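Scroll down for the structure; my scribbles are underneath it.
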Amino acid sequence: METERLILDRVKETDKEDYFHNISHDKKVLETFVCRYADSLEDFDFTAYLGRDDLFAIRLKDTGRLIGIILYFDEQDGVCEIGYGIGSEHWGQGYAAEAVGRFLKYLLCEKGLHTVCASYFTGNDASRRVMEKCGMAYDRFSEKELTYLGVERDLTYYAIRKEPSVLLLNGPSSAGKSSIAKALQQNLKNAFEGCIIRREKTEERRAVENLVRESFWNVYRPGCSEHYVIHVLRDDPAFVKELDFVMEKDGRLIGQNMFMRTGIDADDGRVIPVLTMGPIGITPELKRQGYGKHLLDFCLEKATAMGFGAVLFEGNIGFYGHSGFTYARTFGIRYHDLPEGADDSFFLCRELIPGYLDGITGVYQTPKGYYVDDADVEEFDKAFPPKEKLRLPGQIF
């Protein structure tokens, strides 16, 4: 198999040194790709990788040298999973997407499978971007699926399913995305036909507050306070007006999200600037249809483009893990006022700039504007249509 810059073929006996250097002895690779570490070339048992039909070398076409590997496994009833690794010296050059795109062509169009999936350690945005570039779409999140290098790992799964009318002509290269990726993008566009995400207008603030009220009513407590929270936050000095977005569908407001500046009180005495966000709300009748993720991903792209380094907030990993969030504890960040050993699974983080939180430990501070008085909420709520407050299972306040 070939691409513009790569050859994918069987692993050979002469690949031992390159395999050792780029995969089995590359600790950066082993942090993202499950593989047995080899301490020395002399002790490296290379025979297990020879003569396998499921394992392919990724080679540079101009030199023939192995820079990575790609494989498929657990094939059953037209479905399989793939894994891949590229030596860290070759990261950032598009080789992974180029190899994965060609491999998907082989599995879907030449081998005849109908579904291919792949997983990455939740929070590994580089792997997520490779999968998305190749047309794979989010499939599921699996908490603590495996223990690797002594750590319980959450996995996020992506998948691609072959449509009868779609053929993968070429793997993605530096020139663009595959035809399957374009087809899936079209499907996504069709799903959100008529949707617009834009900045909130001053004159529609009450309508947005009512939308948020409808979205959160009786969800976390009898009634809700989120509509008053956003009312207060707009006047807070930490409010980021450039990241105050609403979503419209066919001219009707259906979603909202906002961001606030805050910081991490680092253990070394620094204050590390970060963002927090929310409340993010979708009108009740359109929940669990992908609109929330669509809005969230758009907002995160805009925050990244503005140069913000990370987002931390309180949320459900089952939803936010789909968009690259993981537990803040994995970055060494602690939640303020939370006793040691207490459950912190609600406290999430996503780096927008890779490595932004490297070497940082400390305590996250929630902006004070999020803390509102119940009496003020009650008074504010009188301006909205009456709604019944209910005590329901699953509420946390």
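A note on labels: chains of the structure tokens are A, B, ... as shown, every chain counts residues from 1, and ligands are counted from 1 in their shown order.
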- Task: Just the strand (DSSP E or B) stuff from range 111-272 of chain A, please, per backbone DSSP, written as a VMD selection string.
- Result: chain A and resid 115 to 121 137 to 148 151 to 161 173 176 195 to 199 239 245 to 249 252 to 257 259 to 266 271 to 272
- Query: Hey, what's within 7 Å of Leu352 in chain A if we count only C-alpha atoms and toss same-chain stuff fewer than 3 positions away? As an MDAnalysis selection string, please?
  - Reply: chainID A and resid 304 308:310
- Counting only C-alpha atoms, the option among A:Ala375, A:Thr47, A:Ala118, A:Val240 closest to Met306 in chain A: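 Of A:Ala375, A:Thr47, A:Ala118, A:Val240, the one nearest Met306 in chain A, counting only C-alpha atoms, is A:Val240.
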- CA of Glu75 in chain A and CA of Asp53 in chain A, how far apart in Å?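 These two atoms are separated by 12.3 Å.
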With the cut-off set at 12 Å and counting only C-alpha atoms, tabulate each residue of range 228-342 of chain A with an atom at most that distance from an atom of range 133-144 of chain A, showing the nearest atom pair and its distance in Å to one decimal, ordered by chain and increasing number, as a tab-separated table.
```
residue	atom	partner	partner_atom	distance
A:Gly290	CA	A:Tyr138	CA	10.8
A:Lys293	CA	A:Tyr138	CA	10.6
A:His294	CA	A:Tyr138	CA	11.9
A:Asn316	CA	A:Phe141	CA	11.8
A:Ile317	CA	A:Phe141	CA	8.7
A:Gly318	CA	A:Phe141	CA	6.7
A:Phe319	CA	A:Phe141	CA	8.6
A:Tyr320	CA	A:Phe141	CA	9.8
A:Gly321	CA	A:Phe141	CA	6.9
A:His322	CA	A:Phe141	CA	6.9
A:Ser323	CA	A:Tyr138	CA	9.1
A:Gly324	CA	A:Phe141	CA	10.5
A:Phe325	CA	A:Phe141	CA	11.1
A:Thr326	CA	A:Glu143	CA	10.2
A:Tyr327	CA	A:Glu143	CA	10.8
```
- Query: A:Tyr19, A:Phe46, A:Tyr158, A:Tyr37: which is nearest Ile82 in chain A, counting only C-alpha atoms?
  - Reply: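 The shortest atom-to-atom distance to Ile82 in chain A comes from A:Tyr158.
In this comparison, which uses only C-alpha atoms, the residue of A:Arg198, A:Arg205, A:His114, A:Lys105 approaching Arg161 in chain A most closely is A:His114.
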Could you go through range 146-320 of chain A and tell me which residues DSSP, when run on the backbone, assigns to alpha helix (DSSP H), listing them as a PDB file with C-alpha atoms, in the first residue's frame?
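Final output, out.pdb:
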```pdb
ATOM      1  CA  SER A 179     -13.582  11.312   0.493  1.00  0.00           C
ATOM      2  CA  ILE A 180     -15.060   9.400   3.428  1.00  0.00           C
ATOM      3  CA  ALA A 181     -14.119  12.266   5.726  1.00  0.00           C
ATOM      4  CA  LYS A 182     -15.839  14.668   3.343  1.00  0.00           C
ATOM      5  CA  ALA A 183     -18.906  12.421   3.191  1.00  0.00           C
ATOM      6  CA  LEU A 184     -19.160  12.306   6.968  1.00  0.00           C
ATOM      7  CA  GLN A 185     -18.727  16.055   7.116  1.00  0.00           C
ATOM      8  CA  GLN A 186     -21.638  16.376   4.708  1.00  0.00           C
ATOM      9  CA  ASN A 187     -23.738  14.091   6.911  1.00  0.00           C
ATOM     10  CA  LEU A 188     -22.920  16.301   9.890  1.00  0.00           C
ATOM     11  CA  LYS A 189     -23.790  19.404   7.879  1.00  0.00           C
ATOM     12  CA  ASN A 190     -27.138  17.861   6.924  1.00  0.00           C
ATOM     13  CA  ALA A 191     -27.855  16.963  10.570  1.00  0.00           C
ATOM     14  CA  ARG A 205     -30.437  38.467  26.628  1.00  0.00           C
ATOM     15  CA  ARG A 206     -33.795  37.868  28.316  1.00  0.00           C
ATOM     16  CA  ALA A 207     -34.713  35.316  25.655  1.00  0.00           C
ATOM     17  CA  VAL A 208     -31.406  33.531  26.252  1.00  0.00           C
ATOM     18  CA  GLU A 209     -31.997  33.554  30.002  1.00  0.00           C
ATOM     19  CA  ASN A 210     -35.406  31.985  29.422  1.00  0.00           C
ATOM     20  CA  LEU A 211     -33.795  29.346  27.185  1.00  0.00           C
ATOM     21  CA  VAL A 212     -31.311  28.492  29.942  1.00  0.00           C
ATOM     22  CA  ARG A 213     -34.138  28.405  32.502  1.00  0.00           C
ATOM     23  CA  GLU A 214     -36.056  25.920  30.366  1.00  0.00           C
ATOM     24  CA  SER A 215     -32.933  23.827  29.822  1.00  0.00           C
ATOM     25  CA  PHE A 216     -32.021  23.500  33.530  1.00  0.00           C
ATOM     26  CA  GLU A 226     -28.554  29.023  35.984  1.00  0.00           C
ATOM     27  CA  HIS A 227     -30.610  31.713  34.240  1.00  0.00           C
ATOM     28  CA  TYR A 228     -29.779  34.144  37.051  1.00  0.00           C
ATOM     29  CA  VAL A 229     -26.120  33.048  37.018  1.00  0.00           C
ATOM     30  CA  ILE A 230     -25.669  34.073  33.371  1.00  0.00           C
ATOM     31  CA  HIS A 231     -27.500  37.330  34.085  1.00  0.00           C
ATOM     32  CA  VAL A 232     -24.915  38.117  36.778  1.00  0.00           C
ATOM     33  CA  LEU A 233     -21.882  36.831  34.902  1.00  0.00           C
ATOM     34  CA  TYR A 291     -26.496  19.926  19.306  1.00  0.00           C
ATOM     35  CA  GLY A 292     -24.716  20.416  22.615  1.00  0.00           C
ATOM     36  CA  LYS A 293     -21.506  18.816  21.382  1.00  0.00           C
ATOM     37  CA  HIS A 294     -21.725  20.766  18.125  1.00  0.00           C
ATOM     38  CA  LEU A 295     -21.985  24.025  20.066  1.00  0.00           C
ATOM     39  CA  LEU A 296     -19.298  23.043  22.562  1.00  0.00           C
ATOM     40  CA  ASP A 297     -16.757  22.042  19.922  1.00  0.00           C
ATOM     41  CA  PHE A 298     -17.333  25.301  18.050  1.00  0.00           C
ATOM     42  CA  CYS A 299     -16.794  27.326  21.238  1.00  0.00           C
ATOM     43  CA  LEU A 300     -13.605  25.441  22.107  1.00  0.00           C
ATOM     44  CA  GLU A 301     -12.193  26.107  18.651  1.00  0.00           C
ATOM     45  CA  LYS A 302     -12.847  29.822  19.092  1.00  0.00           C
ATOM     46  CA  ALA A 303     -11.267  29.822  22.557  1.00  0.00           C
ATOM     47  CA  THR A 304      -8.221  28.058  21.140  1.00  0.00           C
ATOM     48  CA  ALA A 305      -7.945  30.592  18.332  1.00  0.00           C
ATOM     49  CA  ILE A 317     -17.289  13.153  31.909  1.00  0.00           C
ATOM     50  CA  GLY A 318     -19.837  11.015  30.056  1.00  0.00           C
ATOM     51  CA  PHE A 319     -20.739  14.047  27.932  1.00  0.00           C
ATOM     52  CA  TYR A 320     -17.676  16.269  28.018  1.00  0.00           C
TER      53      TYR A 320
END
```
Per-residue nearest contacts of range 335-358 of chain A to range 242-263 of chain A (12 Å; only C-alpha atoms) as CSV:
```
residue,atom,partner,partner_atom,distance
A:Tyr335,CA,A:Gly263,CA,11.6
A:His336,CA,A:Gly263,CA,11.3
A:Leu357,CA,A:Gly263,CA,11.8
```
Can you pull out the residues contacting Ile70 in chain A? Cut-off 10 Å, using only C-alpha atoms, and skip same-chain residues under 2 positions away; I want them as an mmCIF file with all heavy atoms, in the first residue's frame.
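Dumped to out.cif:
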```cif
data_model
loop_
_atom_site.group_PDB
_atom_site.id
_atom_site.type_symbol
_atom_site.label_atom_id
_atom_site.label_comp_id
_atom_site.auth_asym_id
_atom_site.auth_seq_id
_atom_site.Cartn_x
_atom_site.Cartn_y
_atom_site.Cartn_z
ATOM 1 N N LEU A 8 3.097 1.227 3.178
ATOM 2 C CA LEU A 8 2.640 0.347 4.241
ATOM 3 C C LEU A 8 2.817 -1.082 3.763
ATOM 4 O O LEU A 8 2.186 -1.503 2.771
ATOM 5 C CB LEU A 8 1.163 0.602 4.584
ATOM 6 C CG LEU A 8 0.821 1.780 5.528
ATOM 7 C CD1 LEU A 8 1.278 3.112 4.943
ATOM 8 C CD2 LEU A 8 -0.669 1.800 5.822
ATOM 9 N N ASP A 9 3.686 -1.836 4.431
ATOM 10 C CA ASP A 9 3.905 -3.229 4.054
ATOM 11 C C ASP A 9 4.295 -4.039 5.285
ATOM 12 O O ASP A 9 4.292 -3.542 6.413
ATOM 13 C CB ASP A 9 4.953 -3.332 2.939
ATOM 14 C CG ASP A 9 6.332 -2.829 3.361
ATOM 15 O OD1 ASP A 9 6.531 -2.546 4.559
ATOM 16 O OD2 ASP A 9 7.212 -2.702 2.490
ATOM 17 N N ASP A 54 -1.638 -9.078 10.272
ATOM 18 C CA ASP A 54 -2.417 -7.952 10.809
ATOM 19 C C ASP A 54 -1.571 -6.730 11.126
ATOM 20 O O ASP A 54 -2.102 -5.683 11.525
ATOM 21 C CB ASP A 54 -3.161 -8.389 12.078
ATOM 22 C CG ASP A 54 -2.209 -8.875 13.177
ATOM 23 O OD1 ASP A 54 -1.028 -9.126 12.872
ATOM 24 O OD2 ASP A 54 -2.658 -9.014 14.325
ATOM 25 N N LEU A 55 -0.250 -6.827 10.974
ATOM 26 C CA LEU A 55 0.665 -5.764 11.377
ATOM 27 C C LEU A 55 1.436 -5.248 10.169
ATOM 28 O O LEU A 55 2.003 -6.032 9.403
ATOM 29 C CB LEU A 55 1.645 -6.299 12.427
ATOM 30 C CG LEU A 55 2.733 -5.337 12.908
ATOM 31 C CD1 LEU A 55 2.124 -4.170 13.672
ATOM 32 C CD2 LEU A 55 3.749 -6.081 13.777
ATOM 33 N N PHE A 56 1.466 -3.920 10.020
ATOM 34 C CA PHE A 56 2.121 -3.306 8.868
ATOM 35 C C PHE A 56 3.126 -2.251 9.341
ATOM 36 O O PHE A 56 2.881 -1.532 10.306
ATOM 37 C CB PHE A 56 1.097 -2.636 7.954
ATOM 38 C CG PHE A 56 0.166 -3.598 7.279
ATOM 39 C CD1 PHE A 56 -0.896 -4.162 7.981
ATOM 40 C CD2 PHE A 56 0.346 -3.942 5.951
ATOM 41 C CE1 PHE A 56 -1.760 -5.047 7.367
ATOM 42 C CE2 PHE A 56 -0.517 -4.838 5.327
ATOM 43 C CZ PHE A 56 -1.571 -5.400 6.041
ATOM 44 N N ALA A 57 4.240 -2.200 8.640
ATOM 45 C CA ALA A 57 5.201 -1.126 8.861
ATOM 46 C C ALA A 57 4.728 0.134 8.142
ATOM 47 O O ALA A 57 4.113 0.065 7.076
ATOM 48 C CB ALA A 57 6.573 -1.535 8.344
ATOM 49 N N ILE A 58 4.994 1.283 8.726
ATOM 50 C CA ILE A 58 4.786 2.570 8.062
ATOM 51 C C ILE A 58 6.177 3.083 7.698
ATOM 52 O O ILE A 58 6.995 3.370 8.574
ATOM 53 C CB ILE A 58 4.070 3.570 8.985
ATOM 54 C CG1 ILE A 58 2.707 3.022 9.421
ATOM 55 C CG2 ILE A 58 3.904 4.922 8.288
ATOM 56 C CD1 ILE A 58 2.015 3.880 10.482
ATOM 57 N N GLY A 68 7.018 3.889 11.897
ATOM 58 C CA GLY A 68 5.864 3.584 12.728
ATOM 59 C C GLY A 68 5.238 2.262 12.321
ATOM 60 O O GLY A 68 5.725 1.579 11.405
ATOM 61 N N TYR A 72 -4.481 -4.076 12.675
ATOM 62 C CA TYR A 72 -5.895 -4.253 12.982
ATOM 63 C C TYR A 72 -6.036 -5.505 13.832
ATOM 64 O O TYR A 72 -5.206 -6.415 13.792
ATOM 65 C CB TYR A 72 -6.748 -4.340 11.717
ATOM 66 C CG TYR A 72 -6.527 -5.565 10.857
ATOM 67 C CD1 TYR A 72 -7.288 -6.721 11.030
ATOM 68 C CD2 TYR A 72 -5.561 -5.569 9.846
ATOM 69 C CE1 TYR A 72 -7.091 -7.848 10.237
ATOM 70 C CE2 TYR A 72 -5.366 -6.683 9.051
ATOM 71 C CZ TYR A 72 -6.129 -7.819 9.249
ATOM 72 O OH TYR A 72 -5.929 -8.929 8.466
ATOM 73 N N ILE A 82 -8.423 -0.765 15.007
ATOM 74 C CA ILE A 82 -7.060 -0.518 14.568
ATOM 75 C C ILE A 82 -6.281 0.206 15.658
ATOM 76 O O ILE A 82 -6.850 0.847 16.536
ATOM 77 C CB ILE A 82 -7.001 0.313 13.262
ATOM 78 C CG1 ILE A 82 -7.580 1.727 13.477
ATOM 79 C CG2 ILE A 82 -7.707 -0.407 12.128
ATOM 80 C CD1 ILE A 82 -7.359 2.662 12.305
ATOM 81 N N GLY A 83 -4.954 0.090 15.566
ATOM 82 C CA GLY A 83 -4.052 0.839 16.426
ATOM 83 C C GLY A 83 -2.864 1.290 15.601
ATOM 84 O O GLY A 83 -2.526 0.655 14.597
ATOM 85 N N TYR A 84 -2.222 2.359 16.014
ATOM 86 C CA TYR A 84 -1.094 2.863 15.234
ATOM 87 C C TYR A 84 -0.160 3.667 16.129
ATOM 88 O O TYR A 84 -0.570 4.209 17.167
ATOM 89 C CB TYR A 84 -1.572 3.746 14.073
ATOM 90 C CG TYR A 84 -2.508 4.856 14.479
ATOM 91 C CD1 TYR A 84 -2.022 6.109 14.855
ATOM 92 C CD2 TYR A 84 -3.889 4.646 14.508
ATOM 93 C CE1 TYR A 84 -2.880 7.117 15.239
ATOM 94 C CE2 TYR A 84 -4.758 5.656 14.900
ATOM 95 C CZ TYR A 84 -4.252 6.882 15.264
ATOM 96 O OH TYR A 84 -5.099 7.887 15.653
ATOM 97 N N GLY A 85 1.086 3.706 15.737
ATOM 98 C CA GLY A 85 2.071 4.492 16.452
ATOM 99 C C GLY A 85 3.125 5.011 15.492
ATOM 100 O O GLY A 85 3.538 4.298 14.574
ATOM 101 N N ILE A 86 3.543 6.246 15.697
ATOM 102 C CA ILE A 86 4.580 6.882 14.886
ATOM 103 C C ILE A 86 5.685 7.347 15.839
ATOM 104 O O ILE A 86 5.403 7.925 16.892
ATOM 105 C CB ILE A 86 4.040 8.105 14.114
ATOM 106 C CG1 ILE A 86 2.923 7.691 13.154
ATOM 107 C CG2 ILE A 86 5.162 8.829 13.368
ATOM 108 C CD1 ILE A 86 3.378 7.009 11.904
ATOM 109 N N ALA A 96 0.720 10.233 10.495
ATOM 110 C CA ALA A 96 -0.279 9.349 11.094
ATOM 111 C C ALA A 96 -1.579 9.381 10.300
ATOM 112 O O ALA A 96 -2.145 8.340 9.964
ATOM 113 C CB ALA A 96 -0.524 9.740 12.551
ATOM 114 N N ALA A 99 -1.198 7.628 6.941
ATOM 115 C CA ALA A 99 -1.166 6.168 7.050
ATOM 116 C C ALA A 99 -2.530 5.602 7.421
ATOM 117 O O ALA A 99 -2.987 4.616 6.835
ATOM 118 C CB ALA A 99 -0.118 5.756 8.085
ATOM 119 N N VAL A 100 -3.193 6.221 8.379
ATOM 120 C CA VAL A 100 -4.500 5.727 8.807
ATOM 121 C C VAL A 100 -5.506 5.816 7.667
ATOM 122 O O VAL A 100 -6.299 4.898 7.433
ATOM 123 C CB VAL A 100 -5.001 6.513 10.040
ATOM 124 C CG1 VAL A 100 -6.460 6.172 10.351
ATOM 125 C CG2 VAL A 100 -4.127 6.196 11.251
ATOM 126 N N PHE A 103 -4.893 3.008 5.338
ATOM 127 C CA PHE A 103 -5.231 1.732 5.976
ATOM 128 C C PHE A 103 -6.745 1.532 6.002
ATOM 129 O O PHE A 103 -7.236 0.410 5.840
ATOM 130 C CB PHE A 103 -4.656 1.717 7.388
ATOM 131 C CG PHE A 103 -4.456 0.341 7.958
ATOM 132 C CD1 PHE A 103 -3.777 -0.633 7.251
ATOM 133 C CD2 PHE A 103 -4.931 0.026 9.223
ATOM 134 C CE1 PHE A 103 -3.570 -1.896 7.784
ATOM 135 C CE2 PHE A 103 -4.733 -1.236 9.770
ATOM 136 C CZ PHE A 103 -4.055 -2.195 9.049
#
```
- Query: So what do you get for CA of Glu203 in chain A versus CA of Phe384 in chain A, distance-wise?
  - Reply: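 Distance reported for this atom pair: 16.4 Å.
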- Task: Fewer than 6 positions away in the same chain doesn't count, so skip those; otherwise give me all residues within 12 Å of Thr147 in chain A, counting only C-alpha atoms, as number ranges by chain.
- Result: A: 34, 121, 153-155
Would you save the residues of that selection, restricted to N, CA and C atoms, as a CSV table (one decimal), in the first residue's frame?
```csv
chain,number,residue,atom,x,y,z
A,34,VAL,N,-0.3,1.4,23.3
A,34,VAL,CA,-0.1,0.3,24.1
A,34,VAL,C,0.9,-0.6,23.5
A,121,PHE,N,-6.3,7.3,24.5
A,121,PHE,CA,-6.4,7.7,25.9
A,121,PHE,C,-7.1,9.1,25.9
A,153,ARG,N,-6.8,3.9,32.8
A,153,ARG,CA,-7.0,4.7,31.6
A,153,ARG,C,-8.4,4.7,31.1
A,154,ASP,N,-8.9,6.0,30.9
A,154,ASP,CA,-10.2,6.1,30.2
A,154,ASP,C,-9.9,6.1,28.7
A,155,LEU,N,-10.8,5.5,27.9
A,155,LEU,CA,-10.6,5.4,26.5
A,155,LEU,C,-11.8,6.1,25.8
```
- Which of A:Ala266, A:Val311, A:Val79, A:Val29 sits closest to Gly278 in chain A [using only C-alpha atoms]: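 Selected residue with least distance to Gly278 in chain A: A:Val311.
Comparing A:Trp91, A:Tyr49, A:Tyr157, A:Tyr220 by their smallest distance to Lys28 in chain A, the closest is A:Trp91 (using only C-alpha atoms).
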- Message: as a list in words, please: the residues near Glu42 in chain A (cut-off 12 Å, only C-alpha atoms, same-chain neighbours under 6 positions excluded).
- Response: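 In the requested format, the answer is Lys16, Glu17, Phe20 and His25 of chain A.
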Mind dumping the selected residues with N, CA, C and O atoms as an mmCIF file, in the first residue's frame?
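File written: result08.cif
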```
data_model
loop_
_atom_site.group_PDB
_atom_site.id
_atom_site.type_symbol
_atom_site.label_atom_id
_atom_site.label_comp_id
_atom_site.auth_asym_id
_atom_site.auth_seq_id
_atom_site.Cartn_x
_atom_site.Cartn_y
_atom_site.Cartn_z
ATOM 1 N N LYS A 16 14.390 -4.307 12.561
ATOM 2 C CA LYS A 16 14.513 -4.423 14.014
ATOM 3 C C LYS A 16 15.005 -3.138 14.663
ATOM 4 O O LYS A 16 14.419 -2.657 15.643
ATOM 5 N N GLU A 17 16.049 -2.539 14.145
ATOM 6 C CA GLU A 17 16.614 -1.344 14.782
ATOM 7 C C GLU A 17 15.650 -0.166 14.707
ATOM 8 O O GLU A 17 15.469 0.569 15.688
ATOM 9 N N PHE A 20 12.722 -0.765 17.121
ATOM 10 C CA PHE A 20 13.162 -0.499 18.485
ATOM 11 C C PHE A 20 13.231 1.004 18.748
ATOM 12 O O PHE A 20 12.708 1.501 19.751
ATOM 13 N N HIS A 25 11.225 1.494 22.128
ATOM 14 C CA HIS A 25 12.109 2.197 23.057
ATOM 15 C C HIS A 25 11.790 3.688 23.124
ATOM 16 O O HIS A 25 12.476 4.440 23.814
#
```
